[in-house]
Each structure stands twice: as structure tokens, then as C-alpha cells.
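Note: the block below is model_35.txt and it holds compact mmCIF, C-alpha atoms.
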```txt
# COMPACT_ATOMS: atom_id res chain seq x y z
CA MET A 137 27.95 -17.53 17.69
CA ALA A 138 25.88 -15.95 14.90
CA GLN A 139 27.43 -15.87 11.43
CA ASN A 140 27.73 -12.80 9.24
CA ILE A 141 25.32 -13.10 6.34
CA ILE A 142 26.19 -9.75 4.67
CA THR A 143 29.50 -7.89 4.65
CA PHE A 144 30.31 -4.51 3.09
CA HIS A 145 34.00 -3.62 2.80
CA ASN A 146 34.94 -0.10 1.68
CA VAL A 147 31.88 0.13 -0.56
CA ARG A 148 31.58 3.35 -2.54
CA LYS A 149 28.75 4.49 -4.79
CA GLU A 150 28.63 7.54 -7.03
CA TYR A 151 25.98 9.02 -9.30
CA ASP A 152 27.22 11.52 -11.92
CA ASP A 153 30.36 12.24 -9.87
CA GLN A 154 28.28 12.77 -6.71
CA VAL A 155 29.37 10.44 -3.90
CA VAL A 156 26.34 8.95 -2.11
CA LEU A 157 28.21 6.25 -0.17
CA LYS A 158 31.71 6.93 1.15
CA ASP A 159 33.77 3.74 1.63
CA VAL A 160 31.17 2.11 3.88
CA SER A 161 32.04 -1.03 5.84
CA PHE A 162 29.77 -3.08 8.11
CA GLU A 163 28.68 -6.62 8.97
CA ILE A 164 25.15 -8.04 9.26
CA GLU A 165 24.61 -11.11 11.43
CA GLN A 166 22.19 -13.83 10.46
CA GLY A 167 18.75 -13.81 12.09
CA LYS A 168 18.67 -10.24 13.43
CA PHE A 169 16.49 -7.20 12.76
CA TYR A 170 18.63 -4.33 11.48
CA THR A 171 17.52 -0.79 10.73
CA LEU A 172 19.23 1.74 8.47
CA LEU A 173 18.23 5.10 9.92
CA GLY A 174 18.91 8.59 8.70
CA PRO A 175 17.52 11.66 6.93
CA SER A 176 16.56 11.74 3.27
CA GLY A 177 19.57 11.48 0.97
CA CYS A 178 21.90 9.92 3.56
CA GLY A 179 22.49 6.71 1.58
CA LYS A 180 20.28 4.18 3.37
CA THR A 181 18.18 3.17 0.34
CA THR A 182 21.37 3.01 -1.75
CA ILE A 183 22.72 0.36 0.66
CA LEU A 184 19.48 -1.60 0.33
CA ARG A 185 19.64 -1.45 -3.48
CA LEU A 186 23.28 -2.58 -3.45
CA ILE A 187 22.39 -5.59 -1.28
CA ALA A 188 19.47 -6.45 -3.55
CA GLY A 189 21.61 -6.15 -6.68
CA PHE A 190 19.55 -3.41 -8.31
CA ILE A 191 22.66 -1.23 -8.66
CA GLU A 192 26.42 -1.85 -8.69
CA ALA A 193 29.07 -0.37 -6.42
CA ASN A 194 31.82 1.77 -7.92
CA GLN A 195 34.34 0.11 -5.62
CA GLY A 196 34.53 -2.21 -2.61
CA ASP A 197 33.32 -5.74 -1.87
CA ILE A 198 29.78 -6.89 -1.05
CA ARG A 199 29.53 -10.44 0.27
CA LEU A 200 26.46 -12.60 0.90
CA GLU A 201 27.10 -15.69 3.02
CA GLY A 202 30.82 -15.15 2.47
CA LYS A 203 30.56 -15.09 -1.33
CA LYS A 204 31.34 -11.93 -3.30
CA VAL A 205 28.15 -10.87 -5.10
CA ASN A 206 29.16 -7.59 -6.78
CA ASP A 207 28.59 -9.05 -10.24
CA ILE A 208 25.73 -11.44 -9.38
CA PRO A 209 22.34 -10.23 -10.72
CA ALA A 210 19.41 -9.54 -8.41
CA ASN A 211 17.45 -12.66 -9.43
CA LYS A 212 20.37 -14.89 -8.42
CA ARG A 213 20.63 -13.54 -4.85
CA LYS A 214 18.73 -15.05 -1.89
CA VAL A 215 17.34 -11.62 -1.12
CA ASN A 216 13.85 -10.17 -1.56
CA THR A 217 12.62 -6.58 -1.23
CA VAL A 218 9.36 -5.09 0.08
CA PHE A 219 9.02 -1.64 -1.46
CA GLN A 220 7.47 1.51 -0.02
CA ASP A 221 4.51 1.26 -2.42
CA TYR A 222 4.44 -2.59 -2.09
CA ALA A 223 4.60 -2.95 -5.94
CA LEU A 224 1.62 -5.32 -6.00
CA PHE A 225 -0.16 -6.17 -9.26
CA PRO A 226 -3.63 -4.55 -9.03
CA HIS A 227 -5.12 -6.86 -11.70
CA LEU A 228 -4.13 -10.01 -9.77
CA ASN A 229 -5.78 -11.34 -6.61
CA VAL A 230 -3.87 -12.17 -3.42
CA PHE A 231 -3.02 -15.73 -4.45
CA ASP A 232 -1.71 -14.71 -7.86
CA ASN A 233 0.35 -11.85 -6.41
CA VAL A 234 2.05 -14.17 -3.93
CA ALA A 235 2.49 -16.93 -6.52
CA PHE A 236 3.97 -14.65 -9.18
CA GLY A 237 7.65 -15.26 -8.43
CA LEU A 238 7.10 -18.99 -7.94
CA ARG A 239 5.53 -19.26 -11.37
CA ILE A 240 8.48 -17.40 -12.89
CA LYS A 241 10.65 -20.17 -11.41
CA LYS A 242 8.32 -22.74 -13.05
CA LEU A 243 7.66 -24.65 -9.83
CA PRO A 244 5.03 -27.42 -9.94
CA LYS A 245 1.44 -26.26 -9.40
CA LYS A 246 0.96 -28.30 -6.20
CA GLN A 247 4.17 -26.89 -4.71
CA ILE A 248 3.11 -23.31 -5.54
CA GLU A 249 -0.29 -23.83 -3.90
CA GLN A 250 1.33 -25.18 -0.73
CA LYS A 251 3.91 -22.40 -0.53
CA VAL A 252 1.29 -19.68 -1.00
CA LYS A 253 -0.90 -21.28 1.66
CA ASP A 254 2.04 -21.48 4.09
CA VAL A 255 3.20 -17.87 3.71
CA LEU A 256 -0.34 -16.45 3.90
CA ARG A 257 -0.73 -18.29 7.19
CA MET A 258 2.55 -16.75 8.40
CA VAL A 259 1.25 -13.23 7.75
CA GLN A 260 -2.23 -14.03 9.10
CA LEU A 261 -4.03 -13.81 5.75
CA SER A 262 -5.32 -17.37 5.45
CA GLY A 263 -8.61 -17.36 3.56
CA PHE A 264 -7.75 -14.21 1.58
CA GLU A 265 -6.49 -16.04 -1.50
CA GLU A 266 -9.29 -14.84 -3.80
CA ARG A 267 -9.46 -11.29 -2.42
CA GLU A 268 -8.76 -8.48 -4.89
CA ILE A 269 -5.92 -6.09 -3.98
CA SER A 270 -8.27 -3.10 -4.35
CA GLU A 271 -10.48 -4.55 -1.60
CA MET A 272 -7.71 -4.69 1.00
CA SER A 273 -6.54 -2.21 3.62
CA GLY A 274 -3.06 -0.71 3.65
CA GLY A 275 -1.91 -3.09 6.38
CA GLN A 276 -3.27 -6.11 4.51
CA ARG A 277 -1.54 -5.03 1.29
CA GLN A 278 1.71 -4.73 3.16
CA ARG A 279 1.32 -8.28 4.44
CA VAL A 280 0.62 -9.52 0.90
CA ALA A 281 3.88 -7.88 -0.23
CA ILE A 282 5.74 -9.55 2.64
CA ALA A 283 4.12 -12.91 1.84
CA ARG A 284 5.20 -12.60 -1.81
CA ALA A 285 8.77 -11.92 -0.69
CA LEU A 286 8.77 -14.80 1.84
CA ALA A 287 7.44 -17.27 -0.72
CA ASN A 288 10.84 -17.15 -2.43
CA GLU A 289 12.51 -18.28 0.82
CA PRO A 290 15.04 -15.44 1.03
CA GLU A 291 17.96 -15.46 3.43
CA VAL A 292 17.49 -11.70 3.82
CA LEU A 293 14.32 -9.61 3.62
CA LEU A 294 14.84 -5.95 2.69
CA LEU A 295 12.12 -3.46 3.64
CA ASP A 296 12.28 0.03 2.13
CA GLU A 297 10.10 2.28 4.33
CA PRO A 298 7.10 -0.07 3.98
CA LEU A 299 5.13 1.61 6.78
CA SER A 300 5.41 5.22 5.65
CA ALA A 301 2.03 5.29 3.85
CA LEU A 302 0.05 3.94 6.82
CA ASP A 303 -1.84 5.94 9.42
CA LEU A 304 -0.29 6.23 12.89
CA LYS A 305 -2.29 3.49 14.64
CA LEU A 306 -1.90 0.98 11.82
CA ARG A 307 1.78 1.85 11.57
CA LYS A 308 2.33 1.00 15.23
CA ASP A 309 0.32 -2.23 14.87
CA MET A 310 2.45 -3.25 11.88
CA GLN A 311 5.65 -2.52 13.81
CA TYR A 312 4.65 -5.20 16.33
CA GLU A 313 3.60 -7.59 13.56
CA LEU A 314 6.85 -7.18 11.61
CA ARG A 315 8.99 -7.65 14.71
CA GLU A 316 7.04 -10.73 15.80
CA LEU A 317 7.23 -12.17 12.27
CA GLN A 318 10.99 -11.69 12.07
CA GLN A 319 11.52 -13.37 15.43
CA ARG A 320 9.25 -16.27 14.47
CA LEU A 321 10.90 -16.86 11.08
CA GLY A 322 14.46 -16.25 12.28
CA ILE A 323 15.59 -14.67 9.00
CA THR A 324 17.52 -11.42 8.65
CA PHE A 325 15.43 -8.27 8.20
CA ILE A 326 17.03 -5.03 7.00
CA PHE A 327 14.61 -2.16 7.43
CA VAL A 328 15.01 1.37 6.06
CA THR A 329 13.33 4.30 7.79
CA HIS A 330 13.82 7.96 8.71
CA ASP A 331 11.56 7.53 11.76
CA GLN A 332 13.72 7.23 14.90
CA GLU A 333 10.87 5.96 17.12
CA GLU A 334 10.23 3.16 14.63
CA ALA A 335 13.91 2.22 14.64
CA LEU A 336 14.14 2.19 18.44
CA ALA A 337 11.00 0.05 18.79
CA MET A 338 11.82 -2.65 16.23
CA SER A 339 15.57 -3.16 15.91
CA ASP A 340 18.19 -5.46 17.34
CA GLU A 341 20.79 -3.10 15.88
CA ILE A 342 20.67 0.32 14.22
CA PHE A 343 23.04 1.88 11.69
CA ILE A 344 22.73 5.67 11.70
CA LEU A 345 23.74 7.28 8.42
CA ASN A 346 24.55 10.86 7.52
CA LYS A 347 25.90 12.17 4.21
CA GLY A 348 26.85 8.73 2.91
CA GLU A 349 28.59 7.47 6.04
CA ILE A 350 27.63 5.29 9.00
CA VAL A 351 28.25 7.62 11.93
CA GLN A 352 27.24 5.20 14.69
CA SER A 353 25.96 1.64 15.04
CA GLY A 354 24.75 -0.40 17.98
CA THR A 355 21.70 -1.51 19.92
CA PRO A 356 18.84 0.98 20.34
CA VAL A 357 19.68 1.37 24.05
CA ASP A 358 23.39 1.96 23.39
CA ILE A 359 22.76 4.59 20.75
CA TYR A 360 20.08 6.37 22.75
CA ASP A 361 22.09 6.40 25.98
CA GLU A 362 25.52 7.03 24.42
CA PRO A 363 25.21 9.13 21.24
CA ILE A 364 28.59 9.74 19.65
CA ASN A 365 27.95 13.29 18.45
CA ARG A 366 25.41 16.10 18.15
CA PHE A 367 23.89 14.68 14.96
CA VAL A 368 23.10 11.32 16.60
CA ALA A 369 21.91 12.90 19.84
CA ASP A 370 19.56 15.18 17.90
CA PHE A 371 18.37 12.52 15.50
CA ILE A 372 17.66 9.84 18.12
CA GLY A 373 15.14 11.31 20.53
CA GLU A 374 14.98 14.80 21.96
CA SER A 375 18.08 16.24 23.58
CA ASN A 376 19.30 19.23 25.50
CA ILE A 377 22.79 19.96 24.13
CA VAL A 378 25.12 22.66 25.48
CA LYS A 379 28.82 23.42 25.17
CA GLY A 380 31.01 22.49 28.09
CA LYS A 381 34.52 21.75 29.35
CA MET A 382 35.88 18.45 30.67
CA VAL A 383 37.58 19.66 33.85
CA ASP A 384 38.86 16.18 34.72
CA ASP A 385 37.73 12.58 34.49
CA TYR A 386 34.15 12.40 35.76
CA LEU A 387 33.88 16.16 36.24
CA VAL A 388 32.40 18.41 33.57
CA GLU A 389 31.62 22.12 33.53
CA PHE A 390 28.69 23.71 31.70
CA VAL A 391 26.42 26.73 32.25
CA GLY A 392 29.12 28.10 34.54
CA LYS A 393 28.97 25.22 37.04
CA LYS A 394 30.82 21.95 37.65
CA PHE A 395 28.95 18.65 37.73
CA GLU A 396 29.96 15.08 38.52
CA CYS A 397 29.46 12.74 35.56
CA VAL A 398 30.43 9.21 34.50
CA ASP A 399 32.55 10.04 31.43
CA GLY A 400 36.32 9.95 31.36
CA GLY A 401 39.34 9.43 29.14
CA MET A 402 39.42 12.97 27.73
CA GLY A 403 41.97 15.71 28.03
CA LYS A 404 41.83 18.08 30.99
CA ASN A 405 39.86 21.23 30.15
CA GLU A 406 38.99 19.77 26.74
CA SER A 407 36.05 21.48 25.01
CA VAL A 408 33.06 19.12 24.77
CA GLU A 409 29.33 19.02 24.22
CA VAL A 410 26.98 17.90 26.97
CA VAL A 411 23.69 16.03 26.46
CA LEU A 412 20.82 15.74 28.92
CA ARG A 413 17.67 13.92 27.82
CA PRO A 414 14.37 15.68 28.73
CA GLU A 415 13.04 12.60 30.56
CA ASP A 416 16.17 12.47 32.77
CA ILE A 417 15.60 15.95 34.23
CA GLN A 418 13.30 16.56 37.21
CA ILE A 419 11.73 19.88 38.14
CA THR A 420 12.19 20.53 41.84
CA SER A 421 12.41 23.40 44.30
CA PRO A 422 15.23 25.93 43.71
CA GLU A 423 17.13 24.83 46.82
CA LYS A 424 17.12 21.15 45.71
CA GLY A 425 18.03 21.83 42.09
CA LYS A 426 21.50 21.59 40.55
CA MET A 427 20.52 24.44 38.21
CA HIS A 428 18.15 27.38 38.64
CA VAL A 429 15.77 28.11 35.77
CA THR A 430 12.55 29.89 34.93
CA VAL A 431 9.60 28.04 33.39
CA ASP A 432 8.98 29.63 30.00
CA THR A 433 6.33 27.56 28.18
CA GLN A 434 4.71 24.13 28.34
CA LEU A 435 2.67 21.86 26.09
CA PHE A 436 0.58 18.82 27.02
CA ARG A 437 1.73 15.85 24.91
CA GLY A 438 -0.74 13.24 26.19
CA VAL A 439 1.65 11.07 28.22
CA HIS A 440 3.66 14.00 29.60
CA TYR A 441 4.04 17.76 29.72
CA GLU A 442 6.80 19.21 27.57
CA ILE A 443 8.16 22.09 29.65
CA VAL A 444 10.68 24.61 28.31
CA CYS A 445 12.81 26.38 30.91
CA LEU A 446 15.43 29.13 30.58
CA ASP A 447 18.60 29.25 32.65
CA GLU A 448 20.51 32.36 33.72
CA GLU A 449 22.62 32.28 30.51
CA GLY A 450 19.58 32.08 28.26
CA ASN A 451 19.91 28.36 27.39
CA GLU A 452 16.68 26.47 26.79
CA TRP A 453 16.12 23.25 28.77
CA VAL A 454 13.32 20.92 27.68
CA VAL A 455 11.88 18.76 30.46
CA HIS A 456 9.37 15.91 30.14
CA SER A 457 7.27 15.61 33.27
CA THR A 458 3.97 14.04 34.27
CA ARG A 459 3.33 17.06 36.50
CA LYS A 460 2.24 20.43 35.21
CA ALA A 461 4.48 23.43 35.88
CA THR A 462 3.63 27.09 36.41
CA GLU A 463 4.77 29.42 33.67
CA GLY A 464 7.05 32.14 35.02
CA ALA A 465 7.92 30.12 38.16
CA HIS A 466 11.53 29.97 39.36
CA VAL A 467 12.42 26.31 39.86
CA GLY A 468 15.37 23.94 40.16
CA LEU A 469 16.45 21.21 37.77
CA PHE A 470 17.80 17.98 39.22
CA PHE A 471 19.63 15.14 37.44
CA GLU A 472 21.99 12.33 38.39
CA PRO A 473 25.66 12.09 37.27
CA GLU A 474 24.79 9.13 34.99
CA ASP A 475 22.18 11.27 33.22
CA ILE A 476 24.93 13.54 31.86
CA HIS A 477 26.47 12.35 28.61
CA VAL A 478 29.65 14.06 27.38
CA MET A 479 30.56 14.05 23.67
CA ARG A 480 33.95 14.88 22.17
CA PHE A 481 34.25 16.95 19.04
CA GLY A 482 35.22 14.87 15.98
CA GLU A 483 35.53 11.54 17.80
CA SER A 484 35.25 8.48 15.54
CA GLU A 485 33.09 5.50 16.45
CA GLU A 486 36.23 3.38 16.97
CA GLU A 487 37.73 5.95 19.37
CA PHE A 488 34.40 6.28 21.15
CA ASP A 489 34.07 2.50 21.60
CA ALA A 490 37.63 2.19 22.89
CA ARG A 491 37.11 4.97 25.42
CA LEU A 492 33.82 3.45 26.59
CA GLU A 493 35.40 0.00 26.93
CA SER A 494 38.29 1.45 28.93
CA TYR A 495 35.87 3.20 31.28
CA GLU A 496 33.80 0.04 31.81
CA GLU A 497 36.92 -2.01 32.58
CA GLU A 498 38.00 0.64 35.10
CA GLN A 499 34.57 0.54 36.76
CA GLU A 500 34.65 -3.27 36.99
CA GLY A 501 38.16 -3.14 38.41
```
Could I get this structure in the form of C-alpha cells?
Amino acid sequence: MAQNIITFHNVRKEYDDQVVLKDVSFEIEQGKFYTLLGPSGCGKTTILRLIAGFIEANQGDIRLEGKKVNDIPANKRKVNTVFQDYALFPHLNVFDNVAFGLRIKKLPKKQIEQKVKDVLRMVQLSGFEEREISEMSGGQRQRVAIARALANEPEVLLLDEPLSALDLKLRKDMQYELRELQQRLGITFIFVTHDQEEALAMSDEIFILNKGEIVQSGTPVDIYDEPINRFVADFIGESNIVKGKMVDDYLVEFVGKKFECVDGGMGKNESVEVVLRPEDIQITSPEKGKMHVTVDTQLFRGVHYEIVCLDEEGNEWVVHSTRKATEGAHVGLFFEPEDIHVMRFGESEEEFDARLESYEEEQEG
């Protein structure tokens, strides 16, 4: 069983009486790729800076490998950070940038040379030792920054939006490289981003933050398939969200009709919100559809058409389809019971997990 390498317990951080982290608690297992995901100002970079030791918490415990590190300075923690701008020294070549921290530690020259050689090989930059930073591409600079961090043999590598300055193609290439590197090295990566596609593609686990709190955590699949509330559903992927009523276990009502679903454990006739992902909805003939709609607009997105339909109550339904629709056509929308996700108002993550566990046990029984 994997050990917890980082633990936050009721950690709170304030700046000038403004609370940016509200009693946050979580555990990070050794050897996994974690992503802190959320909009600007949600607290994700603050968590990274607290782990690194660049700032101090106002209250709560932060533990690294079981040892409380609240008062331990950054240079005494087995943690290294790759910053958004990489923070490389432009007047030093690749070798000297990577060797900088090792020289601060006064390691022997031969040992420094071997370590630099080893980490440059890890990030596929062997032979670049004498290259000037100004002569390198954005992706190469990022790998130099990672190599410099890895040279110090950290237990945890913190990455603060290191891909944000790259163009789209290079960004996707670096996503694969970072993920492969983490798996090969087996050390813990904690990655900060506001890009939900990036988080879904790279992570073992995601923490979604909003207004200084972790609102949901879990695997990318769990969070995408079972968002806990409207914020998560909206932030992770595209969603159709409408108000509804939980008639009974596994029966929900929305847009004036009742539909079978797979959610339960709520009160009868409880007000809820209903999520349907665009890729889970099929456009079909009116007689085969569970809902009747009119095609309003459509855009070609390369891999699919994004089709906006209007139902009889004026709700918009976004559908992703590989087939083109006809604007103004009256069509049906079809979806399976498991494609409907029902969310309670104000449900905590603990209550959500308990309800989901109860449902799964009932299904297995």
C-alpha cells in the first residue's frame, strides 16, 4: 500500500485578513501524479507555496513523510519547484543552470558532472550541456528547469503551470513527456493548472479548488462521470445542467418528463440538478427520442459537430456528434439511464461518497 508523503490538516492561510485557504485537509500518496485544478484565485498556487516552504500557514499542520514541516525552511525540504517562467539563469548555459543547486551544496566536481549528465539524459537533453538558454525552444527550456529540479533528488516535484507559455501542439507534447517522466522516475508530481483538459489527461488524482476550498477530489474518470455540484460539472468538461426533481430512487423528473436514472439515496421529490454530457446525447428521429427538440445552431469543431438544440421549455441542449444536423429540424434526443447524473444541492464530498458507496453496494447485492 502506498504511503502518504504529504498531509495537510486544517491548513488555513490569510493575506491581510483575506482568507485564501479555508481549513484545507488532504493526503498525497507517494509516487502519484496529482493536479490542483481551479480558476484563478482559488488557492492552488498557495498550496504549492506552502508545500515548498515559501510561505507559512496561519494555522494547521503540514507534514512531509510524516514529519511536521511548518517551521522548516524551503532549502531543508526534499521538495523542488518548476515555475511558470522556469526561472532559468539566462547568462548560464544548460550545464551551469542544472548544476547551480549542486554547487550551492558544495558537492564534489565529479559528482556534479555525473548528476548533471544523468538528469539531462532523463529529460532527453544529452549533448545540450554547452547550449545557451537563449538558443533553446520553450519545450527545451522547460526540460532544463525540470532537470535542475531533479538534480537535487526531491521526494516531491512541484510544477506551477509550467506549460502555460507554450503553443498548443508543444503543450500537448510536453503533457505526454511529463507524464512519462513521472511514471519512469516514480516520484510524486504535484501540478498546478487551470486547464481542465490538461488535468484530465495527465493526473492520477485531481483536487478541484474553488474559493479556498477543495470541493471534490478523485480520479479524472470519477470526477468527470460523477461531479458533485454545478461548479465541478461546469469546470470539468462541457455539461448540460437543468433543474429537476428526484421522484424516487432511480427516477428523476426534468423538462416536464420522468426518466429512469442510476442515482438514489435522496429524499422523495427532492429538488436536484441534472447533468447530461454533450457526448452522451444522440440525435435521433422524434419518435425514437426521449425528448423533442429543435436544432438551433451548429459549429464544426474538427473532431465533432457542436449542435445546440432547444426544447419545448426553451432550455438549450448541447450535443457533440460526428454527423451534421439540419438547422431548424425537429429531432429527438436519446440517452441511457446511466448517462443522467443527479446532483444534490449543498451536498458535501463526504456525503456524496457515502451515498455513492451505498448505491454500489446495493447494486452488487
Open item on the list: Considering only C-alpha atoms, can you say which of A:Gln319, A:Gln276, A:Thr171, A:Gln418 comes closest to Thr355 of chain A?
Closed with: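 Closest candidate: A:Thr171.
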Using all atoms listed in the file, tabulate the residues of segment 240-300 of chain A lying at most 12 Å from any atom of segment 139-149 of chain A, each with its closest atom pair and that distance in Å to one decimal, by chain and increasing residue number, as a tab-separated table.
```
residue	atom	partner	partner_atom	distance
A:Pro290	CA	A:Ile141	CA	11.8
A:Glu291	CA	A:Ile141	CA	8.3
A:Val292	CA	A:Ile141	CA	8.3
A:Leu293	CA	A:Ile141	CA	11.9
```
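Considering all atoms listed in the file, the residue among A:Ile198, A:Val455, A:Ile183, A:Val155 positioned nearest to Ser375 of chain A is A:Val455.
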Open item on the list: My list of candidates is A:Asp399, A:Asp296, A:Glu423, A:Asp331. Which is closest to Lys308 of chain A when distances are computed with only C-alpha atoms?
Closed with: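 Closest to Lys308 of chain A, using only C-alpha atoms: A:Asp331.
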Just want the 7 Å neighbourhood of Ile443 of chain A, counted on only C-alpha atoms, with same-chain residues fewer than 5 positions away dropped. Output as a compact mmCIF listing (two decimals) with C-alpha atoms, keeping the file's coordinate frame.
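Full text of out.txt as output:
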```
# COMPACT_ATOMS: atom_id res chain seq x y z
CA THR A 433 6.33 27.56 28.18
CA GLN A 434 4.71 24.13 28.34
CA LEU A 435 2.67 21.86 26.09
CA VAL A 454 13.32 20.92 27.68
CA VAL A 455 11.88 18.76 30.46
CA HIS A 456 9.37 15.91 30.14
```
Report as a Markdown table the residues of segment 232-328 of chain A within 8 Å of segment 335-351 of chain A, each with its shortest atom pair and distance in Å (one decimal), using only C-alpha atoms, ordered by chain and increasing residue number.
```
| residue | atom | partner | partner_atom | distance |
| --- | --- | --- | --- | --- |
| A:Gln311 | CA | A:Met338 | CA | 6.6 |
| A:Tyr312 | CA | A:Met338 | CA | 7.6 |
| A:Arg315 | CA | A:Met338 | CA | 5.9 |
```
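We find atom CA of Lys393 of chain A and atom CA of Gly425 of chain A to be spaced 12.5 Å apart.
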